[in-house]
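Structure below is work18.cif: mmCIF, C-alpha atoms.
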data_target
#
loop_
_atom_site.label_atom_id
_atom_site.label_comp_id
_atom_site.auth_asym_id
_atom_site.auth_seq_id
_atom_site.Cartn_x
_atom_site.Cartn_y
_atom_site.Cartn_z
CA MET A 1 -34.97 107.24 -97.41
CA ARG A 2 -38.62 106.47 -97.85
CA LEU A 3 -37.77 103.37 -99.85
CA LEU A 4 -35.39 102.16 -97.17
CA LEU A 5 -37.89 102.69 -94.37
CA GLY A 6 -40.62 101.09 -96.42
CA SER A 7 -38.64 97.99 -97.25
CA LEU A 8 -37.42 97.67 -93.66
CA PHE A 9 -41.06 97.82 -92.56
CA ALA A 10 -42.03 95.21 -95.15
CA PHE A 11 -39.19 92.90 -94.08
CA ALA A 12 -40.20 93.23 -90.43
CA VAL A 13 -43.79 92.35 -91.31
CA ALA A 14 -42.56 89.41 -93.41
CA ALA A 15 -40.41 88.03 -90.62
CA LEU A 16 -43.20 88.44 -88.09
CA VAL A 17 -45.88 86.88 -90.30
CA GLY A 18 -43.65 84.11 -91.71
CA LEU A 19 -41.97 82.93 -88.53
CA GLY A 20 -45.11 83.54 -86.47
CA THR A 21 -47.29 81.33 -88.65
CA THR A 22 -44.58 78.66 -88.78
CA TRP A 23 -44.34 78.60 -85.02
CA LEU A 24 -48.11 78.55 -84.60
CA THR A 25 -48.66 75.71 -87.06
CA LEU A 26 -45.92 73.57 -85.51
CA ALA A 27 -46.99 74.25 -81.93
CA GLY A 28 -50.47 72.98 -82.72
CA SER A 29 -51.11 69.74 -84.55
CA THR A 30 -52.28 70.91 -87.94
CA ALA A 31 -51.32 67.99 -90.16
CA PHE A 32 -53.70 67.31 -93.02
CA GLY A 33 -55.63 64.12 -93.68
CA ALA A 34 -57.02 63.79 -90.16
CA VAL A 35 -59.52 61.01 -89.41
CA SER A 36 -61.72 62.14 -86.52
CA ILE A 37 -64.05 59.75 -84.70
CA GLY A 38 -65.68 61.24 -81.63
CA ALA A 39 -62.97 62.71 -79.45
CA TRP A 40 -60.32 60.68 -81.26
CA THR A 41 -58.17 61.89 -84.15
CA ALA A 42 -55.64 59.96 -86.21
CA TRP A 43 -53.33 61.08 -89.00
CA PRO A 44 -52.78 57.81 -90.95
CA ARG A 45 -51.00 59.64 -93.77
CA THR A 46 -48.28 60.73 -91.34
CA GLY A 47 -47.13 57.08 -91.25
CA THR A 48 -46.56 57.00 -95.02
CA THR A 49 -44.28 58.68 -97.56
CA SER A 50 -47.15 61.01 -98.54
CA ILE A 51 -46.76 62.77 -95.19
CA ASP A 52 -47.41 66.54 -95.56
CA PRO A 53 -44.66 69.14 -94.98
CA TYR A 54 -46.19 70.38 -91.71
CA ALA A 55 -46.21 66.90 -90.15
CA ARG A 56 -42.68 66.40 -91.51
CA ALA A 57 -41.50 69.56 -89.74
CA ALA A 58 -43.38 68.61 -86.58
CA ILE A 59 -41.78 65.16 -86.26
CA ALA A 60 -38.34 66.63 -86.93
CA ARG A 61 -38.89 69.18 -84.17
CA THR A 62 -40.31 66.80 -81.54
CA GLY A 63 -38.09 63.82 -82.37
CA GLN A 64 -40.89 61.29 -82.48
CA LEU A 65 -41.15 58.45 -84.98
CA PRO A 66 -44.68 58.20 -86.39
CA LEU A 67 -46.32 54.78 -86.46
CA GLY A 68 -45.82 53.31 -89.94
CA LEU A 69 -49.12 52.55 -91.63
CA GLY A 70 -48.07 48.93 -92.26
CA ASP A 71 -47.62 48.63 -88.50
CA GLY A 72 -50.68 50.38 -87.11
CA VAL A 73 -52.61 53.59 -86.58
CA ALA A 74 -52.50 55.90 -83.54
CA PHE A 75 -55.59 57.80 -82.39
CA TYR A 76 -55.06 60.80 -80.10
CA ALA A 77 -57.54 62.35 -77.67
CA ARG A 78 -56.92 65.56 -75.76
CA GLY A 79 -60.39 65.91 -74.28
CA ASP A 80 -63.73 64.17 -73.73
CA ASP A 81 -66.65 63.79 -76.14
CA ASN A 82 -67.91 67.25 -75.23
CA GLY A 83 -64.63 68.84 -76.21
CA ARG A 84 -63.51 69.61 -72.67
CA LEU A 85 -59.75 69.15 -72.29
CA PHE A 86 -58.63 66.39 -69.92
CA ASP A 87 -57.80 67.45 -66.37
CA GLY A 88 -55.65 64.95 -64.45
CA ARG A 89 -57.43 65.86 -61.20
CA CYS A 90 -60.80 64.68 -62.53
CA ASP A 91 -62.25 61.27 -63.36
CA VAL A 92 -62.78 60.22 -66.96
CA ASN A 93 -64.61 57.12 -68.18
CA LEU A 94 -63.66 55.45 -71.41
CA GLN A 95 -66.24 52.95 -72.59
CA GLY A 96 -67.03 50.87 -75.64
CA ILE A 97 -65.19 48.78 -78.21
CA THR A 98 -62.43 49.46 -80.72
CA PRO A 99 -62.23 48.89 -84.49
CA THR A 100 -60.85 45.54 -85.68
CA ALA A 101 -57.20 45.11 -84.80
CA ARG A 102 -55.00 42.23 -83.72
CA PHE A 103 -53.85 44.16 -80.68
CA TRP A 104 -54.39 47.61 -79.31
CA THR A 105 -52.77 49.64 -76.55
CA LEU A 106 -54.05 52.67 -74.66
CA THR A 107 -51.37 54.94 -73.19
CA LEU A 108 -51.49 58.13 -71.14
CA TYR A 109 -48.84 60.79 -71.88
CA ASP A 110 -48.22 64.34 -70.79
CA LEU A 111 -48.34 66.98 -73.51
CA ASP A 112 -44.66 66.41 -74.39
CA GLY A 113 -45.15 62.68 -74.97
CA ARG A 114 -43.65 61.54 -71.68
CA LEU A 115 -45.17 58.86 -69.47
CA VAL A 116 -46.63 60.14 -66.21
CA ALA A 117 -45.17 58.96 -62.89
CA ASN A 118 -47.62 57.20 -60.56
CA SER A 119 -47.50 54.84 -57.57
CA LEU A 120 -48.70 51.84 -59.57
CA ASN A 121 -46.21 52.27 -62.43
CA ARG A 122 -49.09 51.78 -64.81
CA HIS A 123 -48.90 53.87 -67.96
CA SER A 124 -50.93 51.86 -70.42
CA PHE A 125 -53.26 48.95 -71.05
CA THR A 126 -53.01 46.40 -73.82
CA SER A 127 -56.03 44.66 -75.34
CA GLN A 128 -55.03 41.46 -73.53
CA GLU A 129 -54.75 42.95 -70.07
CA ILE A 130 -58.12 44.58 -70.01
CA ILE A 131 -61.07 43.21 -68.03
CA ARG A 132 -64.06 43.05 -70.37
CA ASN A 133 -67.79 42.82 -69.99
CA THR A 134 -69.58 39.73 -71.31
CA ASP A 135 -70.43 41.52 -74.58
CA GLY A 136 -66.76 42.24 -75.28
CA SER A 137 -66.96 45.92 -74.45
CA PHE A 138 -64.72 47.42 -71.80
CA GLU A 139 -64.54 50.34 -69.47
CA ILE A 140 -61.37 52.10 -68.42
CA ARG A 141 -61.45 54.55 -65.51
CA ILE A 142 -58.89 57.29 -65.76
CA GLY A 143 -58.29 59.46 -62.72
CA PRO A 144 -55.96 60.44 -59.89
CA ARG A 145 -57.45 58.07 -57.23
CA ALA A 146 -57.57 54.27 -57.32
CA ARG A 147 -60.68 52.77 -58.92
CA PHE A 148 -61.87 49.18 -59.25
CA GLY A 149 -61.61 47.47 -62.62
CA ASN A 150 -59.34 48.96 -65.26
CA TRP A 151 -57.78 51.99 -63.60
CA LEU A 152 -55.35 54.16 -65.51
CA PRO A 153 -53.78 56.69 -63.09
CA THR A 154 -53.22 60.30 -64.16
CA GLY A 155 -50.74 61.12 -61.41
CA GLY A 156 -52.78 64.27 -60.83
CA ILE A 157 -51.12 66.21 -63.66
CA ASP A 158 -52.85 69.13 -65.27
CA ARG A 159 -53.30 68.13 -68.91
CA TYR A 160 -52.71 64.82 -70.63
CA ILE A 161 -53.18 63.00 -73.93
CA LEU A 162 -54.60 59.53 -74.46
CA VAL A 163 -53.22 57.53 -77.38
CA LEU A 164 -55.08 54.47 -78.64
CA ARG A 165 -52.87 52.50 -81.02
CA LEU A 166 -54.37 49.83 -83.24
CA TYR A 167 -51.85 47.28 -84.49
CA ASP A 168 -52.37 45.19 -87.62
CA THR A 169 -55.66 46.86 -88.47
CA PRO A 170 -57.64 47.59 -91.65
CA VAL A 171 -58.11 51.17 -90.38
CA GLY A 172 -56.12 53.51 -92.60
CA VAL A 173 -56.08 56.52 -94.89
CA ALA A 174 -59.48 55.72 -96.43
CA THR A 175 -61.20 55.18 -93.07
CA ARG A 176 -64.22 57.32 -92.25
CA SER A 177 -66.19 57.57 -89.07
CA GLY A 178 -68.92 54.91 -89.11
CA ARG A 179 -70.07 51.49 -87.99
CA GLU A 180 -66.80 49.79 -88.94
CA THR A 181 -64.83 52.11 -86.71
CA PRO A 182 -66.45 52.11 -83.28
CA MET A 183 -64.12 54.10 -81.01
CA PRO A 184 -64.70 54.09 -77.26
CA SER A 185 -66.65 57.03 -75.88
CA ILE A 186 -64.99 59.38 -73.42
CA ALA A 187 -67.16 60.86 -70.64
CA ALA A 188 -66.08 63.23 -67.90
CA GLY A 189 -66.80 62.01 -64.39
CA GLN A 190 -66.67 63.82 -61.08
CA CYS A 191 -64.17 66.52 -60.41
CA PRO A 192 -63.05 67.79 -57.02
CA MET B 1 -51.25 106.02 -96.18
CA MET B 2 -51.76 104.14 -99.44
CA ARG B 3 -48.03 103.63 -99.69
CA LEU B 4 -47.89 102.17 -96.18
CA LEU B 5 -50.67 99.71 -97.03
CA LEU B 6 -48.76 98.61 -100.11
CA TRP B 7 -45.62 98.02 -98.05
CA LEU B 8 -47.74 96.08 -95.54
CA LEU B 9 -49.23 93.93 -98.29
CA GLY B 10 -45.76 93.29 -99.69
CA GLY B 11 -44.57 92.31 -96.22
CA VAL B 12 -47.44 89.87 -95.72
CA LEU B 13 -46.82 88.25 -99.11
CA LEU B 14 -43.13 87.94 -98.33
CA GLY B 15 -44.12 86.51 -94.94
CA GLY B 16 -46.01 83.74 -96.72
CA ILE B 17 -42.85 82.83 -98.60
CA VAL B 18 -40.83 82.91 -95.37
CA HIS B 19 -43.42 80.62 -93.78
CA LEU B 20 -43.28 78.03 -96.57
CA ALA B 21 -39.50 78.15 -96.76
CA THR B 22 -39.03 77.64 -93.01
CA VAL B 23 -41.52 74.75 -92.87
CA LEU B 24 -39.81 72.96 -95.77
CA TRP B 25 -36.34 73.73 -94.50
CA LEU B 26 -36.89 72.82 -90.85
CA PRO B 27 -36.40 69.01 -91.08
CA ARG B 28 -32.89 69.58 -92.45
CA THR B 29 -31.84 71.82 -89.59
CA ALA B 30 -33.42 69.91 -86.70
CA THR B 31 -30.83 68.73 -84.18
CA GLN B 32 -33.26 66.90 -81.91
CA ASP B 33 -34.95 64.64 -84.45
CA ALA B 34 -35.16 60.89 -83.87
CA TYR B 35 -32.04 60.06 -85.90
CA SER B 36 -29.89 62.61 -84.05
CA ARG B 37 -31.16 61.42 -80.68
CA LEU B 38 -30.35 57.80 -81.53
CA GLN B 39 -26.93 58.71 -82.92
CA GLN B 40 -25.56 58.93 -79.39
CA ILE B 41 -26.52 55.40 -78.33
CA ALA B 42 -26.90 53.37 -81.53
CA PRO B 43 -23.79 52.37 -83.52
CA ILE B 44 -24.09 52.18 -87.29
CA ASN B 45 -25.34 48.97 -88.98
CA ALA B 46 -25.98 47.09 -85.75
CA VAL B 47 -29.04 46.31 -83.65
CA THR B 48 -29.28 48.24 -80.37
CA ALA B 49 -32.02 47.63 -77.79
CA LEU B 50 -33.64 50.86 -76.64
CA PRO B 51 -34.33 51.48 -72.95
CA ALA B 52 -38.00 51.21 -71.99
CA PRO B 53 -39.68 54.63 -71.80
CA ALA B 54 -40.09 55.92 -68.25
CA PRO B 55 -41.49 59.15 -66.79
CA ASP B 56 -38.03 60.52 -65.98
CA LYS B 57 -36.18 59.48 -69.11
CA VAL B 58 -37.42 60.06 -72.62
CA LEU B 59 -35.32 58.99 -75.55
CA LEU B 60 -38.09 59.56 -78.10
CA PRO B 61 -41.47 61.05 -77.18
CA PHE B 62 -44.69 59.02 -77.56
CA MET B 63 -43.05 55.60 -77.41
CA ASP B 64 -45.41 52.72 -76.68
CA PRO B 65 -44.43 51.26 -73.26
CA ALA B 66 -46.10 47.93 -74.07
CA PHE B 67 -43.39 47.16 -76.61
CA ALA B 68 -39.78 46.09 -76.45
CA THR B 69 -38.01 48.28 -79.00
CA ALA B 70 -34.69 48.02 -80.76
CA VAL B 71 -33.19 50.07 -83.55
CA CYS B 72 -30.69 49.59 -86.37
CA ARG B 73 -29.23 52.88 -87.56
CA TYR B 74 -28.14 52.09 -91.08
CA ASP B 75 -25.79 53.54 -93.63
CA LEU B 76 -25.94 52.03 -97.12
CA ALA B 77 -22.90 53.93 -98.46
CA LYS B 78 -20.76 50.79 -98.49
CA GLY B 79 -23.45 48.49 -99.89
CA PRO B 80 -26.80 46.82 -99.13
CA LEU B 81 -27.79 45.56 -95.73
CA GLN B 82 -29.05 42.14 -94.68
CA PHE B 83 -31.73 42.09 -92.02
CA SER B 84 -33.35 39.20 -90.19
CA LEU B 85 -35.50 38.85 -87.08
CA ASN B 86 -37.20 35.86 -85.46
CA VAL B 87 -40.72 36.92 -84.58
CA SER B 88 -41.99 36.68 -80.99
CA GLN B 89 -45.06 34.83 -79.70
CA ALA B 90 -47.17 37.97 -79.82
CA TYR B 91 -47.07 40.84 -82.31
CA THR B 92 -43.77 41.79 -83.95
CA SER B 93 -43.18 44.55 -86.48
CA VAL B 94 -40.31 46.14 -88.36
CA SER B 95 -40.65 49.75 -89.55
CA PHE B 96 -38.30 51.63 -91.84
CA TYR B 97 -37.67 55.36 -91.51
CA THR B 98 -35.64 57.76 -93.62
CA ARG B 99 -32.93 59.98 -92.16
CA PHE B 100 -35.69 62.55 -91.47
CA GLY B 101 -38.08 60.20 -89.68
CA ILE B 102 -40.47 59.46 -92.53
CA ALA B 103 -41.95 55.96 -92.36
CA TYR B 104 -41.53 54.48 -95.83
CA TYR B 105 -42.14 50.82 -95.15
CA ALA B 106 -43.42 48.61 -92.36
CA ILE B 107 -44.02 44.89 -92.12
CA ASN B 108 -45.40 42.74 -89.31
CA ASP B 109 -45.07 39.07 -88.45
CA ARG B 110 -48.35 38.13 -90.09
CA ALA B 111 -47.52 39.92 -93.34
CA ALA B 112 -44.14 38.18 -93.36
CA GLY B 113 -46.02 34.90 -93.05
CA ARG B 114 -43.12 33.05 -91.46
CA ARG B 115 -41.37 32.73 -88.13
CA VAL B 116 -38.58 34.91 -89.41
CA ILE B 117 -38.66 38.32 -91.08
CA GLN B 118 -35.82 38.38 -93.57
CA LEU B 119 -35.04 41.10 -96.08
CA ASP B 120 -32.40 43.04 -97.94
CA LEU B 121 -32.26 46.81 -97.63
CA MET B 122 -30.68 48.83 -100.41
CA THR B 123 -30.96 52.10 -102.27
CA GLU B 124 -32.77 52.32 -105.58
CA LYS B 125 -29.41 52.55 -107.35
CA GLN B 126 -28.01 49.46 -105.63
CA HIS B 127 -31.21 47.59 -106.51
CA SER B 128 -30.91 48.45 -110.20
CA GLU B 129 -27.27 47.38 -110.20
CA MET B 130 -28.13 43.96 -108.83
CA PRO B 131 -27.54 41.10 -111.27
CA GLN B 132 -30.84 39.97 -112.77
CA ASP B 133 -30.15 36.39 -111.86
CA GLU B 134 -33.14 34.07 -111.47
CA ASP B 135 -31.64 32.43 -108.42
CA VAL B 136 -31.05 35.70 -106.64
CA THR B 137 -34.48 37.20 -107.17
CA THR B 138 -36.43 34.28 -105.78
CA ALA B 139 -39.62 35.01 -103.90
CA ASP B 140 -38.13 34.28 -100.49
CA ARG B 141 -35.90 37.32 -100.67
CA LEU B 142 -37.76 40.47 -99.83
CA ILE B 143 -36.05 43.61 -101.08
CA VAL B 144 -36.77 47.00 -99.53
CA GLU B 145 -35.59 50.20 -101.21
CA SER B 146 -34.47 53.03 -98.97
CA PRO B 147 -35.09 56.55 -100.32
CA THR B 148 -32.13 57.88 -98.32
CA LEU B 149 -28.61 56.57 -97.80
CA THR B 150 -29.00 56.60 -94.03
CA GLY B 151 -32.01 55.92 -91.85
CA LEU B 152 -33.52 53.83 -89.10
CA ILE B 153 -34.98 50.34 -88.85
CA VAL B 154 -37.19 50.13 -85.78
CA LEU B 155 -37.94 46.66 -84.41
CA LYS B 156 -40.85 46.22 -82.04
CA ALA B 157 -42.14 43.20 -80.15
CA LEU B 158 -45.32 43.47 -78.09
CA ALA B 159 -45.47 42.34 -74.48
CA PRO B 160 -49.25 41.75 -74.17
CA GLU B 161 -48.81 41.88 -70.39
CA PRO B 162 -45.87 43.24 -68.36
CA GLY B 163 -44.66 39.73 -67.43
CA LEU B 164 -44.00 38.95 -71.08
CA MET B 165 -41.57 41.85 -71.59
CA THR B 166 -38.54 39.59 -71.22
CA MET B 167 -39.90 37.30 -73.92
CA ALA B 168 -40.34 40.28 -76.24
CA GLN B 169 -36.81 41.51 -75.53
CA GLU B 170 -35.37 38.06 -76.17
CA ALA B 171 -37.16 37.91 -79.53
CA LEU B 172 -35.54 41.20 -80.54
CA ALA B 173 -32.14 39.96 -79.41
CA THR B 174 -32.22 37.50 -82.34
CA ALA B 175 -32.19 40.36 -84.84
CA ARG B 176 -29.30 40.76 -87.25
CA CYS B 177 -28.56 43.86 -89.27
CA ARG B 178 -25.31 43.83 -91.17
CA GLN B 179 -23.55 44.79 -94.36
CA GLN B 180 -23.76 42.21 -97.12
CA PRO B 181 -20.42 40.43 -97.54
#

Starting from the file, give its structure as structure tokens.
Amino acid sequence: MRLLLGSLFAFAVAALVGLGTTWLTLAGSTAFGAVSIGAWTAWPRTGTTSIDPYARAAIARTGQLPLGLGDGVAFYARGDDNGRLFDGRCDVNLQGITPTARFWTLTLYDLDGRLVANSLNRHSFTSQEIIRNTDGSFEIRIGPRARFGNWLPTGGIDRYILVLRLYDTPVGVATRSGRETPMPSIAAGQCP
Amino acid sequence: MMRLLLWLLGGVLLGGIVHLATVLWLPRTATQDAYSRLQQIAPINAVTALPAPAPDKVLLPFMDPAFATAVCRYDLAKGPLQFSLNVSQAYTSVSFYTRFGIAYYAINDRAAGRRVIQLDLMTEKQHSEMPQDEDVTTADRLIVESPTLTGLIVLKALAPEPGLMTMAQEALATARCRQQP
């Protein structure tokens, strides 16, 4: 009787711990081999065959196709440089230059990877569309209300993710944060 | 009390095994992975243009809206596949994914070095069975080995500005993906 109760208890703990940790690791983005530069994080290894089992499970669950490393690298940002999560009701300023790449795109998604509806039907910028300063740097204003220059609307949603994709770029698995990889800074602006 | 702690410890250890097993097993049970989602709209061994991502319809999450995208869902059971694509004015890339969405190869227009990306897709076994003829293995035939029998070829052409989307779609319309005769 004691043995039965004991093993039942142990199995319950095992199920709770095992499935709980699986769920937790897949709900968050815990893939290994992250390259973090400022607020931006990329997982270049996820676009190769040496992808880790957690990222493997995550892409199977969400249905996304990771960017192949021979194609490009995707950098994700969920918050500004101070670590505050994006709020679609506030203004955010993205400023600077990007690492070397033939093209890049900046896209705003909700947390499930969907584009966000807005009156302008603008969901992204490409490196060719952007208005630049004379020194080649650029500034993108992200917020719910129209702004002059490069305005990326948030549609007023609660939380969002910015994805900066570099296409045909030397940035890869061996990349470290440094002078060769200048990612744009992300600063929080005013908030109602 | 001691006995309870031992049972607890045993449970936690077993939980670790459950965790590893579920993580490794999950890709094989997923019903909403990219391949399954594309199964409904993409016929086998043919190029299908994918609808542009929009806020109200999501085929695959985190698709880049600046690109025209097409897919060839392949099955190598009956033999190797011939693939060709005329590159567009801007950036064009072809990425290869296994049945479980793992990117195992990608090539872009610059790496291809020509106006047309042309290659043969086959399994490792089919590659080793190929006749070692000098004429066949010339440098202009790129051979890609697929780790799985089925998988996805994803074709992408960049529209650097929205007005160029038609041009990008037309470039992808030149793609061919078919069984070798």

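Of the residues listed (A:Gln128, A:Thr100, A:Gln95, A:Thr25), A:Gln128 shows the shortest atom-to-atom separation from chain B; distances use all atoms listed in the file.
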
Inset, instruction - Name the closest residue to Val171 in chain A among the candidates A:Ile59, A:Ala77, A:Val35, A:Val116; distances are taken between atoms, counting all atoms listed in the file. - result: A:Val35

Inset, instruction - Go ahead and compute the interatomic distance for CA of Ala188 in chain A and CA of Ala34 in chain A, in Å to one decimal. - result: 24.0 Å

Inset, instruction - Using all atoms listed in the file, find which residues of chain B lie within 7 Å of chain A and jot them down as number ranges by chain. - result: B: 7-8, 10-12, 14-16, 18-19, 23-24, 26-27, 30, 32-34, 54-55, 58, 60-62, 93, 95, 100-108, 160-161

Can you list, as a PDB file with C-alpha atoms, in the coordinates of the input, every protein, DNA or RNA residue that comes within 12 Å of Glu180 in chain A when you count only C-alpha atoms, leaving out same-chain residues fewer than 2 positions away?
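Listed below is the output, selection.pdb:
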ATOM      1  CA  ILE A  37     -64.050  59.750 -84.700  1.00  0.00           C
ATOM      2  CA  ILE A  97     -65.190  48.780 -78.210  1.00  0.00           C
ATOM      3  CA  THR A  98     -62.430  49.460 -80.720  1.00  0.00           C
ATOM      4  CA  PRO A  99     -62.230  48.890 -84.490  1.00  0.00           C
ATOM      5  CA  THR A 100     -60.850  45.540 -85.680  1.00  0.00           C
ATOM      6  CA  ALA A 101     -57.200  45.110 -84.800  1.00  0.00           C
ATOM      7  CA  THR A 169     -55.660  46.860 -88.470  1.00  0.00           C
ATOM      8  CA  PRO A 170     -57.640  47.590 -91.650  1.00  0.00           C
ATOM      9  CA  VAL A 171     -58.110  51.170 -90.380  1.00  0.00           C
ATOM     10  CA  GLY A 172     -56.120  53.510 -92.600  1.00  0.00           C
ATOM     11  CA  THR A 175     -61.200  55.180 -93.070  1.00  0.00           C
ATOM     12  CA  ARG A 176     -64.220  57.320 -92.250  1.00  0.00           C
ATOM     13  CA  SER A 177     -66.190  57.570 -89.070  1.00  0.00           C
ATOM     14  CA  GLY A 178     -68.920  54.910 -89.110  1.00  0.00           C
ATOM     15  CA  PRO A 182     -66.450  52.110 -83.280  1.00  0.00           C
ATOM     16  CA  MET A 183     -64.120  54.100 -81.010  1.00  0.00           C
TER      17      MET A 183
END

Legend entry - Residue nearest Thr166 in chain B - candidates B:Met1, B:Ala68, B:Leu20, B:Ala42, atoms counted: all atoms listed in the file: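 Closest to Thr166 in chain B of all the choices is B:Ala68.
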
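For the structure in this document, the set picked by the PyMOL selection byres ((chain B and resi 123) around 10) is Leu76, Ala77, Gly79, Pro80, Leu81, Leu121, Met122, Glu124, Lys125, Gln126, His127, Ser128, Glu129, Ile143, Val144, Glu145, Ser146, Pro147, Thr148, Leu149 and Thr150 of chain B.
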
For C-alpha atoms, I'd like the residues from the last selection saved as an mmCIF file, in the frame of the given file.
data_model
loop_
_atom_site.group_PDB
_atom_site.id
_atom_site.type_symbol
_atom_site.label_atom_id
_atom_site.label_comp_id
_atom_site.auth_asym_id
_atom_site.auth_seq_id
_atom_site.Cartn_x
_atom_site.Cartn_y
_atom_site.Cartn_z
ATOM 1 C CA LEU B 76 -25.940 52.030 -97.120
ATOM 2 C CA ALA B 77 -22.900 53.930 -98.460
ATOM 3 C CA GLY B 79 -23.450 48.490 -99.890
ATOM 4 C CA PRO B 80 -26.800 46.820 -99.130
ATOM 5 C CA LEU B 81 -27.790 45.560 -95.730
ATOM 6 C CA LEU B 121 -32.260 46.810 -97.630
ATOM 7 C CA MET B 122 -30.680 48.830 -100.410
ATOM 8 C CA GLU B 124 -32.770 52.320 -105.580
ATOM 9 C CA LYS B 125 -29.410 52.550 -107.350
ATOM 10 C CA GLN B 126 -28.010 49.460 -105.630
ATOM 11 C CA HIS B 127 -31.210 47.590 -106.510
ATOM 12 C CA SER B 128 -30.910 48.450 -110.200
ATOM 13 C CA GLU B 129 -27.270 47.380 -110.200
ATOM 14 C CA ILE B 143 -36.050 43.610 -101.080
ATOM 15 C CA VAL B 144 -36.770 47.000 -99.530
ATOM 16 C CA GLU B 145 -35.590 50.200 -101.210
ATOM 17 C CA SER B 146 -34.470 53.030 -98.970
ATOM 18 C CA PRO B 147 -35.090 56.550 -100.320
ATOM 19 C CA THR B 148 -32.130 57.880 -98.320
ATOM 20 C CA LEU B 149 -28.610 56.570 -97.800
ATOM 21 C CA THR B 150 -29.000 56.600 -94.030
#

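Against the coordinates shown, the PyMOL selection byres ((chain A and resi 149) around 10) returns Ile130, Ile131, Arg132, Phe138, Glu139, Ile140, Arg141, Ala146, Arg147, Phe148, Asn150, Trp151 and Leu152 of chain A.
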
Inset, instruction - Decode the PyMOL selection byres ((chain B and resi 117) around 8) for the given file into explicit residues and return them as a count of residues only. - result: 12

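Using all atoms listed in the file, the nearest neighbour of Ser119 in chain A within the list A:Pro153, A:Gly143, A:Gly96, A:Gly88 is A:Pro153.
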
Inset, instruction - For Ala157 in chain B, please output as a VMD selection string all residues within 8 Å (counting all atoms listed in the file; exclusion window: fewer than 2 positions along the same chain). - result: chain B and resid 67 to 69 87 to 88 90 to 93 155 159 168 to 169 171 to 172

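Note that CA of Lys78 in chain B and CA of Gln179 in chain B are 7.8 Å apart.
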
Inset, instruction - Work out how far apart CA of Ala111 in chain B and CA of Leu142 in chain B are and give it in Å to one decimal. - result: 11.7 Å

Inset, instruction - Give the answer as one residue: which of A:Leu94, A:Val73, A:Ala187, A:Ile142 has the shortest atom-to-atom distance to Gly155 in chain A, using only C-alpha atoms? - result: A:Ile142

Inset, instruction - Skip Tyr76 in chain A itself and residues of its chain fewer than 4 positions away, then list as a PyMOL selection string all residues within 8 Å of it, counting all atoms listed in the file. - result: chain A and resi 40-42+161-164

Inset, instruction - Return the single residue from A:Ala74, A:Ile186, A:Cys191, A:Met1 that is closest to Arg89 in chain A, with distances computed using all atoms listed in the file. - result: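 The shortest atom-to-atom distance to Arg89 in chain A comes from A:Cys191.
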